[in-house]
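Chemist: Sharing final-v3.cif here; it has mmCIF, C-alpha atoms and all ligand atoms.
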data_final
#
loop_
_atom_site.label_atom_id
_atom_site.label_comp_id
_atom_site.auth_asym_id
_atom_site.auth_seq_id
_atom_site.Cartn_x
_atom_site.Cartn_y
_atom_site.Cartn_z
CA HIS M 1 -26.25 36.86 54.86
CA ASN M 2 -29.20 36.82 52.53
CA ASP M 3 -29.06 40.11 50.70
CA ALA M 4 -27.88 40.03 47.12
CA PHE M 5 -24.23 40.42 46.24
CA GLU M 6 -23.02 42.42 43.30
CA TYR M 7 -20.42 40.62 41.27
CA PRO M 8 -18.92 40.84 37.79
CA LEU M 9 -20.28 38.44 35.20
CA ARG M 10 -16.76 37.44 34.21
CA HIS M 11 -13.42 37.77 35.96
CA ASP M 12 -11.93 39.87 33.16
CA LEU M 13 -14.62 42.50 33.72
CA MET M 14 -13.37 43.13 37.26
CA ASP M 15 -11.58 46.42 37.83
CA TRP M 16 -9.08 45.64 40.59
CA THR M 17 -7.34 48.99 40.57
CA ALA M 18 -10.35 51.27 40.98
CA GLU M 19 -11.75 50.01 44.26
CA HIS M 20 -9.06 47.77 45.68
CA TYR M 21 -5.48 48.56 44.71
CA PRO M 22 -5.38 52.16 43.43
CA ALA M 23 -1.64 52.68 43.99
CA TRP M 24 -0.24 49.20 43.43
CA LYS M 25 0.46 47.98 39.88
CA GLU M 26 0.17 49.50 36.41
CA SER M 27 -3.02 47.68 35.36
CA SER M 28 -6.07 45.94 36.75
CA GLU M 29 -4.80 42.59 35.49
CA ALA M 30 -1.41 43.10 37.12
CA SER M 31 -3.19 44.03 40.37
CA ARG M 32 -5.39 40.93 40.45
CA PRO M 33 -5.14 39.11 43.80
CA THR M 34 -2.74 36.19 44.10
CA VAL M 35 -3.37 35.37 47.79
CA LEU M 36 -6.84 34.99 49.37
CA ASP M 37 -7.68 35.10 53.07
CA ILE M 38 -11.07 33.39 52.85
CA GLY M 39 -13.49 34.33 55.64
CA CYS M 40 -10.99 36.95 56.77
CA GLY M 41 -13.07 38.21 59.69
CA PHE M 42 -11.47 41.34 61.15
CA GLY M 43 -8.49 41.11 58.81
CA GLY M 44 -5.53 40.45 61.11
CA LEU M 45 -4.02 37.92 58.71
CA THR M 46 -4.87 39.97 55.62
CA VAL M 47 -2.79 42.90 56.87
CA ALA M 48 -0.01 40.63 58.21
CA LEU M 49 0.29 38.95 54.78
CA SER M 50 0.61 42.36 53.15
CA LYS M 51 3.92 42.73 55.00
CA ALA M 52 5.02 39.08 54.88
CA LEU M 53 4.40 38.81 51.11
CA PRO M 54 5.30 42.24 49.74
CA ASN M 55 5.31 41.07 46.11
CA GLU M 56 1.90 39.39 46.24
CA THR M 57 -1.55 40.96 46.04
CA ILE M 58 -3.63 40.03 49.09
CA LEU M 59 -7.42 39.93 49.26
CA GLY M 60 -9.50 39.23 52.36
CA MET M 61 -12.94 37.83 51.50
CA GLU M 62 -15.71 38.14 54.05
CA ILE M 63 -19.44 37.55 53.87
CA ARG M 64 -20.49 39.89 56.73
CA ALA M 65 -21.05 43.49 55.60
CA LYS M 66 -20.10 45.25 58.83
CA VAL M 67 -16.99 43.15 59.34
CA THR M 68 -15.91 43.82 55.75
CA GLU M 69 -16.38 47.55 56.26
CA PHE M 70 -14.27 47.37 59.43
CA VAL M 71 -11.42 45.74 57.48
CA ARG M 72 -11.77 48.23 54.62
CA LEU M 73 -11.38 51.14 57.04
CA ARG M 74 -8.55 49.34 58.85
CA ILE M 75 -6.56 49.04 55.61
CA LEU M 76 -7.28 52.66 54.64
CA ALA M 77 -6.03 53.83 58.06
CA LEU M 78 -2.86 51.73 57.74
CA ARG M 79 -2.21 53.13 54.26
CA LYS M 80 -2.67 56.65 55.57
CA ASP M 81 -0.34 56.05 58.53
CA VAL M 82 2.63 55.22 56.35
CA PRO M 83 2.21 56.47 52.79
CA GLY M 84 3.09 53.75 50.27
CA SER M 85 2.37 50.91 52.70
CA TYR M 86 -0.38 48.26 52.51
CA GLN M 87 -1.14 49.07 48.86
CA ASN M 88 -1.16 45.33 48.11
CA ALA M 89 -3.94 44.49 50.60
CA SER M 90 -7.70 44.83 50.25
CA VAL M 91 -10.96 43.27 51.34
CA MET M 92 -14.14 42.33 49.54
CA ARG M 93 -17.58 41.38 50.73
CA THR M 94 -18.70 38.23 49.00
CA ASN M 95 -19.75 34.65 49.45
CA SER M 96 -16.54 32.92 48.46
CA MET M 97 -18.29 29.55 48.27
CA LYS M 98 -20.22 30.87 45.29
CA PHE M 99 -18.41 33.62 43.48
CA LEU M 100 -14.73 32.77 43.04
CA PRO M 101 -15.33 32.03 39.32
CA ASN M 102 -16.61 35.59 38.86
CA TYR M 103 -13.34 37.06 40.10
CA PHE M 104 -10.42 34.81 39.21
CA PRO M 105 -9.10 32.98 36.17
CA LYS M 106 -7.71 29.47 36.16
CA GLY M 107 -4.31 29.07 37.79
CA SER M 108 -4.10 32.67 39.03
CA LEU M 109 -3.70 32.14 42.78
CA GLU M 110 -0.53 31.41 44.77
CA LYS M 111 -2.09 30.81 48.19
CA LEU M 112 -5.46 30.23 49.81
CA PHE M 113 -5.95 30.62 53.57
CA PHE M 114 -8.82 29.14 55.59
CA CYS M 115 -8.33 30.34 59.14
CA PHE M 116 -10.67 29.19 61.88
CA PRO M 117 -13.58 28.62 59.49
CA ASP M 118 -17.08 28.12 60.87
CA PRO M 119 -17.18 24.47 62.05
CA HIS M 120 -20.79 23.54 61.09
CA PHE M 121 -20.74 20.79 63.68
CA LYS M 122 -23.86 18.84 62.74
CA ARG M 123 -23.39 16.15 60.17
CA LYS M 124 -26.28 17.47 58.10
CA ASN M 125 -24.43 20.82 57.85
CA HIS M 126 -21.08 19.35 56.76
CA PRO M 127 -21.82 20.26 53.10
CA ARG M 128 -21.68 23.91 54.20
CA ARG M 129 -18.06 23.59 55.27
CA ILE M 130 -15.84 25.90 53.26
CA VAL M 131 -13.13 23.26 52.87
CA SER M 132 -14.79 20.24 51.27
CA TYR M 133 -13.93 17.73 48.56
CA ARG M 134 -16.29 19.46 46.13
CA LEU M 135 -14.86 22.93 46.72
CA LEU M 136 -11.29 21.60 46.69
CA SER M 137 -11.78 20.85 42.98
CA GLU M 138 -12.63 24.51 42.51
CA TYR M 139 -9.71 25.66 44.67
CA ALA M 140 -7.35 23.44 42.62
CA TYR M 141 -8.63 25.08 39.45
CA PHE M 142 -7.85 28.58 40.71
CA LEU M 143 -4.51 27.76 42.34
CA LYS M 144 -1.35 27.75 40.27
CA PRO M 145 0.35 24.37 39.93
CA GLY M 146 2.44 24.17 43.10
CA GLY M 147 0.29 26.79 44.87
CA LYS M 148 -0.55 26.27 48.52
CA LEU M 149 -3.68 25.82 50.61
CA TYR M 150 -3.51 26.54 54.35
CA ALA M 151 -6.14 25.50 56.89
CA ILE M 152 -6.10 26.11 60.65
CA THR M 153 -8.72 25.53 63.32
CA ASP M 154 -9.05 25.03 67.06
CA VAL M 155 -11.74 22.38 66.50
CA LYS M 156 -10.03 19.00 66.39
CA ASP M 157 -12.89 17.29 64.51
CA LEU M 158 -12.84 20.00 61.88
CA HIS M 159 -9.06 19.67 61.48
CA GLU M 160 -9.50 15.93 60.96
CA TRP M 161 -12.16 16.71 58.35
CA HIS M 162 -9.78 19.11 56.57
CA VAL M 163 -7.08 16.44 56.47
CA LYS M 164 -9.52 13.75 55.31
CA GLU M 165 -10.96 15.88 52.50
CA CYS M 166 -7.58 17.18 51.30
CA ASP M 167 -5.77 13.82 51.62
CA SER M 168 -8.44 12.12 49.54
CA HIS M 169 -8.37 14.81 46.83
CA PRO M 170 -6.13 13.95 43.86
CA MET M 171 -5.13 17.59 43.25
CA PHE M 172 -3.63 18.18 46.71
CA ASP M 173 -0.56 16.76 48.47
CA ARG M 174 0.11 17.46 52.13
CA ILE M 175 3.35 19.30 52.89
CA THR M 176 5.10 17.35 55.64
CA ASP M 177 8.72 18.49 55.17
CA LYS M 178 9.62 20.09 58.51
CA LYS M 179 12.09 22.52 57.01
CA GLU M 180 9.68 23.68 54.33
CA LEU M 181 7.02 24.29 56.98
CA ALA M 182 9.44 26.03 59.33
CA ASP M 183 10.74 28.31 56.56
CA ASP M 184 7.29 29.49 55.52
CA PRO M 185 6.51 32.83 57.23
CA CYS M 186 2.84 32.44 56.33
CA ILE M 187 2.46 29.62 58.84
CA SER M 188 3.44 31.62 61.90
CA ALA M 189 1.29 34.49 60.59
CA MET M 190 -1.69 32.16 60.24
CA ILE M 191 -1.15 30.82 63.76
CA THR M 192 -0.68 34.15 65.54
CA GLU M 193 -2.17 37.02 63.52
CA THR M 194 -5.87 36.27 63.05
CA GLU M 195 -8.33 37.62 65.62
CA GLU M 196 -9.79 34.17 66.16
CA GLY M 197 -6.31 32.70 66.64
CA LYS M 198 -5.56 35.35 69.29
CA LYS M 199 -8.79 34.50 71.09
CA VAL M 200 -7.93 30.80 71.09
CA ALA M 201 -4.47 31.62 72.48
CA ARG M 202 -5.96 33.76 75.29
CA ASN M 203 -8.27 30.90 76.22
CA GLY M 204 -5.40 28.41 76.18
CA GLY M 205 -6.89 26.38 73.32
CA ASP M 206 -5.06 24.21 70.79
CA LYS M 207 -4.53 25.14 67.17
CA HIS M 208 -4.34 22.48 64.48
CA TYR M 209 -3.18 23.23 60.99
CA ALA M 210 -2.34 21.56 57.72
CA VAL M 211 -0.73 22.87 54.53
CA TYR M 212 -1.27 21.33 51.10
CA ARG M 213 0.37 21.82 47.74
CA ARG M 214 -1.76 21.87 44.65
CA VAL M 215 -0.18 19.21 42.44
CA PRO M 216 2.54 20.77 40.31
CA THR M 217 1.18 19.69 36.93
CA TYR M 218 -1.41 21.54 34.93
CA HIS M 219 -4.64 19.57 34.65
N1 LIG M 301 -10.36 34.06 59.68
C1 LIG M 301 -10.80 34.97 60.73
C2 LIG M 301 -10.00 34.73 61.98
O1 LIG M 301 -9.35 33.70 62.06
O2 LIG M 301 -10.02 35.59 62.88
C3 LIG M 301 -12.30 34.83 61.01
C4 LIG M 301 -12.77 33.49 61.51
S1 LIG M 301 -14.56 33.44 61.75
C5 LIG M 301 -14.80 32.12 62.87
C6 LIG M 301 -15.15 32.81 60.18
C7 LIG M 301 -15.45 33.94 59.20
O3 LIG M 301 -15.80 33.42 57.92
C8 LIG M 301 -16.58 34.84 59.65
O4 LIG M 301 -16.15 36.18 59.67
C9 LIG M 301 -17.66 34.60 58.58
O5 LIG M 301 -18.48 35.72 58.38
C10 LIG M 301 -16.83 34.24 57.37
N2 LIG M 301 -17.52 33.45 56.35
C11 LIG M 301 -18.33 32.38 56.57
N3 LIG M 301 -18.77 31.89 55.40
C12 LIG M 301 -18.24 32.66 54.42
C13 LIG M 301 -18.35 32.65 52.99
N4 LIG M 301 -19.11 31.74 52.37
N5 LIG M 301 -17.67 33.59 52.29
C14 LIG M 301 -16.93 34.51 52.94
N6 LIG M 301 -16.78 34.56 54.28
C15 LIG M 301 -17.43 33.65 55.01
#
Can you give me the file's structure in the form of structure tokens?
Modeler:
Amino acid sequence: HNDAFEYPLRHDLMDWTAEHYPAWKESSEASRPTVLDIGCGFGGLTVALSKALPNETILGMEIRAKVTEFVRLRILALRKDVPGSYQNASVMRTNSMKFLPNYFPKGSLEKLFFCFPDPHFKRKNHPRRIVSYRLLSEYAYFLKPGGKLYAITDVKDLHEWHVKECDSHPMFDRITDKKELADDPCISAMITETEEGKKVARNGGDKHYAVYRRVPTYH
């Protein structure tokens, strides 16, 4: 994890079409991601969201080089299989706890997914958790007013942490409306389509999730 990452100095210097979405929208700005699968692992959700959200631009973000390369090749193979498909999905190797400001402007994201994030069990490692009060302020900045944050884990303590951090954050409100949750295709995708989620299901484990709305006013 320690080698240096290349990243643009400012988000407007990023060329999204060249490397990521060559056959998607007319410009780099129009192709900029609107949905992030943070810590995407092997990319099961990233590719599922490409189909579930055909009008959004999906980006998996992953810190491990080999895993990122696997997802890159996976998406290229899917695109080749059915020409015209999966043009709205891509993957990038980065540390998303550090570099979101280098890639995205304020209020540009519709959805953020945190699926089965590393639990960092020890109390002294809790600051390394990818969903934390501090980072929620950053996530609120990048999400559009009314945008959504999704978090799922098989670790009950971590789920309780997610709920505690998000509930206490003034920029996020938990979505509890049963119909709204049931009507959201992203929720079943998040439960069933990630590789970690499949492993938990095979082992008969529980999955705990929570969905939050970024407050609908702009501040
Ligand atoms: N979301 C996938 C799933 O559900 O199958 C993968 C879950 S895996 C337990 C957590 C992933 O997050 C790992 O692939 C890890 O490399 C990645 N990760 C951890 N910290 C990260 C960071 N700061 N930025 C990007 N990815 C990170």
Chemist: Using all atoms listed in the file, which residues of the polymer chains come no farther than 9 Å from ligand LIG 301 (chain M)? I'd like the answer as JSON, numbers by chain.
Modeler: {"M": [1, 37, 38, 39, 40, 41, 42, 43, 44, 45, 60, 61, 62, 63, 64, 65, 67, 68, 92, 93, 94, 95, 96, 97, 98, 99, 113, 114, 115, 116, 117, 118, 119, 128, 129, 130, 152, 153, 190, 191, 193, 194, 195, 196, 197, 198, 199]}
Chemist: Neighbouring residues of Arg10 in chain M were defined as those with any atom within 10 Å, considering all atoms listed in the file; residues of the same chain fewer than 6 positions away were excluded. Please report them as a list in words.
Modeler: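 In the requested form, the answer reads Pro101, Asn102, Tyr103, Phe104 and Pro105 of chain M.
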Chemist: Counting only C-alpha atoms, find the residues whose atoms lie at most 12 Å from (4.0, 25.3, 41.5) (file coordinates) and write them out as a list in words.
Modeler: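 Residues close enough to count: Gly107, Ser108, Leu109, Glu110, Lys111, Ala140, Leu143, Lys144, Pro145, Gly146, Gly147, Lys148, Leu149, Phe172, Asp173, Tyr212, Arg213, Arg214, Val215, Pro216, Thr217 and Tyr218 of chain M.
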Chemist: Looking at M:Val131, M:Ala18, M:Leu36, M:Ile75, which one is nearest to Leu158 in chain M, with distances taken over all atoms listed in the file?
Modeler: M:Val131
Chemist: Could you check how far CA of Thr176 in chain M sits from CA of Glu160 in chain M, in Å to one decimal?
Modeler: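 Between these atoms lies a distance of 15.6 Å.
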Chemist: For the contact check between range 27-82 of chain M and range 11-16 of chain M, emit one row per residue of range 27-82 of chain M within 8 Å, containing the shortest atom pair and the distance in Å rounded to one decimal, counting all atoms listed in the file, chain then rising number order, as JSON lines.
Modeler:
{"residue": "M:Ser28", "atom": "CA", "partner": "M:Trp16", "partner_atom": "CA", "distance": 4.9}
{"residue": "M:Glu29", "atom": "CA", "partner": "M:Trp16", "partner_atom": "CA", "distance": 7.3}
{"residue": "M:Ser31", "atom": "CA", "partner": "M:Trp16", "partner_atom": "CA", "distance": 6.1}
{"residue": "M:Arg32", "atom": "CA", "partner": "M:Trp16", "partner_atom": "CA", "distance": 6.0}
Chemist: Have a look at M:Ala210, M:Ala4, M:Leu73, M:Ala89 and name the one nearest to Thr34 in chain M; count only C-alpha atoms.
Modeler: M:Ala89
Chemist: Rank M:Lys179, M:Ser50, M:Pro185, M:Gln87 by their smallest atom-to-atom distance to Thr17 in chain M, using all atoms listed in the file, and report the top residue only.
Modeler: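 Nearest to Thr17 in chain M: M:Gln87.
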Chemist: Given the choices M:His120, M:His169, M:Arg79, M:His162, which gets closest to Val47 in chain M if the distance is worked out from all atoms listed in the file?
Modeler: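 Residue with the minimum atom-to-atom distance to Val47 in chain M: M:Arg79.
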Chemist: In Å, how far is it from CA of Leu181 in chain M to CA of Ala151 in chain M?
Modeler: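 Distance reported for this atom pair: 13.2 Å.
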Chemist: Between CA of Glu165 in chain M and CA of Phe142 in chain M, measure the distance and give it in Å to one decimal.
Modeler: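 Answer for the CA of Glu165 in chain M to CA of Phe142 in chain M separation: 17.6 Å.
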Chemist: Using all atoms listed in the file for the distances, tell me which of M:Leu136, M:Ala77, M:Glu19, M:Asp184 is nearest to Asp167 in chain M.
Modeler: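 Of the candidates, the smallest distance to Asp167 in chain M is held by M:Leu136.
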Chemist: Nearest to His208 in chain M: which of M:Val155, M:Cys166, M:Ala182, M:Leu76 is it, counting only C-alpha atoms?
Modeler: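 Distance minimum relative to His208 in chain M lands on M:Val155.
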Chemist: So that I can see what lies close to Gly84 in chain M, please list as a list of chain:residue names the residues with an atom at most 10 Å from it, counting all atoms listed in the file and leaving out residues fewer than 5 positions away in the same chain.
Modeler: M:Ala23, M:Trp24, M:Leu78, M:Arg79
Chemist: Need the shell around Val211 in chain M: protein/DNA/RNA residues with any atom at most 6 Å away, counting all atoms listed in the file. Skip same-chain ones fewer than 2 positions apart. Format as a list in words?
Modeler: Leu149, Tyr150, Arg174 and Ile175 of chain M
Chemist: Can you spit out range 9-110 of chain M with C-alpha atoms, as an mmCIF file, in the first residue's frame, from the structure just given?
Modeler:
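Below is the file decode11.cif, written as the result:
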data_model
loop_
_atom_site.group_PDB
_atom_site.id
_atom_site.type_symbol
_atom_site.label_atom_id
_atom_site.label_comp_id
_atom_site.auth_asym_id
_atom_site.auth_seq_id
_atom_site.Cartn_x
_atom_site.Cartn_y
_atom_site.Cartn_z
ATOM 1 C CA LEU M 9 -3.431 18.347 -8.756
ATOM 2 C CA ARG M 10 -6.991 19.546 -9.293
ATOM 3 C CA HIS M 11 -10.184 17.737 -10.225
ATOM 4 C CA ASP M 12 -10.669 19.813 -13.374
ATOM 5 C CA LEU M 13 -7.335 18.551 -14.706
ATOM 6 C CA MET M 14 -8.613 14.969 -14.726
ATOM 7 C CA ASP M 15 -9.285 13.467 -18.144
ATOM 8 C CA TRP M 16 -12.138 11.020 -17.521
ATOM 9 C CA THR M 17 -12.695 10.075 -21.137
ATOM 10 C CA ALA M 18 -9.152 9.061 -22.075
ATOM 11 C CA GLU M 19 -8.527 6.282 -19.585
ATOM 12 C CA HIS M 20 -11.899 5.537 -18.078
ATOM 13 C CA TYR M 21 -14.944 6.206 -20.245
ATOM 14 C CA PRO M 22 -13.770 6.405 -23.875
ATOM 15 C CA ALA M 23 -17.172 5.689 -25.437
ATOM 16 C CA TRP M 24 -19.568 7.198 -22.920
ATOM 17 C CA LYS M 25 -20.310 10.947 -23.009
ATOM 18 C CA GLU M 26 -19.249 13.838 -25.228
ATOM 19 C CA SER M 27 -16.740 15.401 -22.802
ATOM 20 C CA SER M 28 -14.547 14.588 -19.838
ATOM 21 C CA GLU M 29 -16.709 16.738 -17.578
ATOM 22 C CA ALA M 30 -19.881 14.994 -18.726
ATOM 23 C CA SER M 31 -18.185 11.637 -18.091
ATOM 24 C CA ARG M 32 -17.121 12.461 -14.538
ATOM 25 C CA PRO M 33 -18.228 9.759 -12.070
ATOM 26 C CA THR M 34 -21.459 10.278 -10.149
ATOM 27 C CA VAL M 35 -21.445 6.981 -8.200
ATOM 28 C CA LEU M 36 -18.435 5.612 -6.275
ATOM 29 C CA ASP M 37 -17.920 2.042 -5.094
ATOM 30 C CA ILE M 38 -15.261 2.765 -2.476
ATOM 31 C CA GLY M 39 -12.912 -0.145 -1.759
ATOM 32 C CA CYS M 40 -14.529 -2.000 -4.652
ATOM 33 C CA GLY M 41 -12.408 -5.142 -4.304
ATOM 34 C CA PHE M 42 -13.036 -7.449 -7.273
ATOM 35 C CA GLY M 43 -15.715 -5.161 -8.690
ATOM 36 C CA GLY M 44 -18.920 -7.207 -8.462
ATOM 37 C CA LEU M 45 -20.951 -4.202 -7.333
ATOM 38 C CA THR M 46 -19.218 -1.816 -9.736
ATOM 39 C CA VAL M 47 -20.345 -3.872 -12.732
ATOM 40 C CA ALA M 48 -23.817 -4.533 -11.248
ATOM 41 C CA LEU M 49 -24.347 -0.770 -10.759
ATOM 42 C CA SER M 50 -23.404 -0.185 -14.383
ATOM 43 C CA LYS M 51 -26.569 -2.097 -15.329
ATOM 44 C CA ALA M 52 -28.770 -0.950 -12.430
ATOM 45 C CA LEU M 53 -27.946 2.750 -12.995
ATOM 46 C CA PRO M 54 -27.575 3.076 -16.769
ATOM 47 C CA ASN M 55 -27.646 6.885 -16.694
ATOM 48 C CA GLU M 56 -24.984 7.278 -14.008
ATOM 49 C CA THR M 57 -21.212 7.052 -14.330
ATOM 50 C CA ILE M 58 -19.812 4.417 -11.976
ATOM 51 C CA LEU M 59 -16.284 4.311 -10.573
ATOM 52 C CA GLY M 60 -14.813 1.566 -8.402
ATOM 53 C CA MET M 61 -11.953 2.823 -6.228
ATOM 54 C CA GLU M 62 -9.456 0.310 -4.896
ATOM 55 C CA ILE M 63 -6.115 0.688 -3.169
ATOM 56 C CA ARG M 64 -4.620 -2.710 -4.155
ATOM 57 C CA ALA M 65 -2.834 -2.637 -7.523
ATOM 58 C CA LYS M 66 -3.445 -6.252 -8.553
ATOM 59 C CA VAL M 67 -7.090 -6.173 -7.557
ATOM 60 C CA THR M 68 -7.587 -2.929 -9.491
ATOM 61 C CA GLU M 69 -5.984 -4.476 -12.562
ATOM 62 C CA PHE M 70 -8.307 -7.486 -12.251
ATOM 63 C CA VAL M 71 -11.350 -5.174 -12.255
ATOM 64 C CA ARG M 72 -9.972 -3.137 -15.166
ATOM 65 C CA LEU M 73 -9.611 -6.294 -17.268
ATOM 66 C CA ARG M 74 -13.010 -7.545 -16.088
ATOM 67 C CA ILE M 75 -14.705 -4.371 -17.365
ATOM 68 C CA LEU M 76 -12.773 -4.458 -20.658
ATOM 69 C CA ALA M 77 -13.871 -8.083 -21.202
ATOM 70 C CA LEU M 78 -17.514 -7.212 -20.449
ATOM 71 C CA ARG M 79 -17.369 -4.282 -22.874
ATOM 72 C CA LYS M 80 -15.922 -6.529 -25.544
ATOM 73 C CA ASP M 81 -18.565 -9.221 -24.978
ATOM 74 C CA VAL M 82 -21.444 -6.928 -25.806
ATOM 75 C CA PRO M 83 -20.338 -3.859 -27.761
ATOM 76 C CA GLY M 84 -21.829 -0.685 -26.281
ATOM 77 C CA SER M 85 -22.271 -2.197 -22.813
ATOM 78 C CA TYR M 86 -20.515 -1.240 -19.557
ATOM 79 C CA GLN M 87 -19.224 2.040 -21.025
ATOM 80 C CA ASN M 88 -20.349 3.823 -17.842
ATOM 81 C CA ALA M 89 -18.207 1.703 -15.485
ATOM 82 C CA SER M 90 -14.527 1.976 -14.638
ATOM 83 C CA VAL M 91 -12.051 1.410 -11.841
ATOM 84 C CA MET M 92 -9.199 3.433 -10.420
ATOM 85 C CA ARG M 93 -6.361 2.593 -8.096
ATOM 86 C CA THR M 94 -6.170 5.160 -5.349
ATOM 87 C CA ASN M 95 -6.381 5.757 -1.640
ATOM 88 C CA SER M 96 -9.878 7.165 -1.424
ATOM 89 C CA MET M 97 -9.301 8.316 2.155
ATOM 90 C CA LYS M 98 -6.794 10.823 0.804
ATOM 91 C CA PHE M 99 -7.457 11.755 -2.779
ATOM 92 C CA LEU M 100 -11.168 12.386 -3.357
ATOM 93 C CA PRO M 101 -10.518 16.166 -3.500
ATOM 94 C CA ASN M 102 -8.127 15.613 -6.411
ATOM 95 C CA TYR M 103 -10.838 13.974 -8.486
ATOM 96 C CA PHE M 104 -14.243 15.432 -7.669
ATOM 97 C CA PRO M 105 -15.811 18.862 -7.285
ATOM 98 C CA LYS M 106 -18.257 19.847 -4.583
ATOM 99 C CA GLY M 107 -21.731 18.369 -4.913
ATOM 100 C CA SER M 108 -20.875 16.157 -7.901
ATOM 101 C CA LEU M 109 -21.744 12.706 -6.532
ATOM 102 C CA GLU M 110 -25.139 10.979 -6.389
#
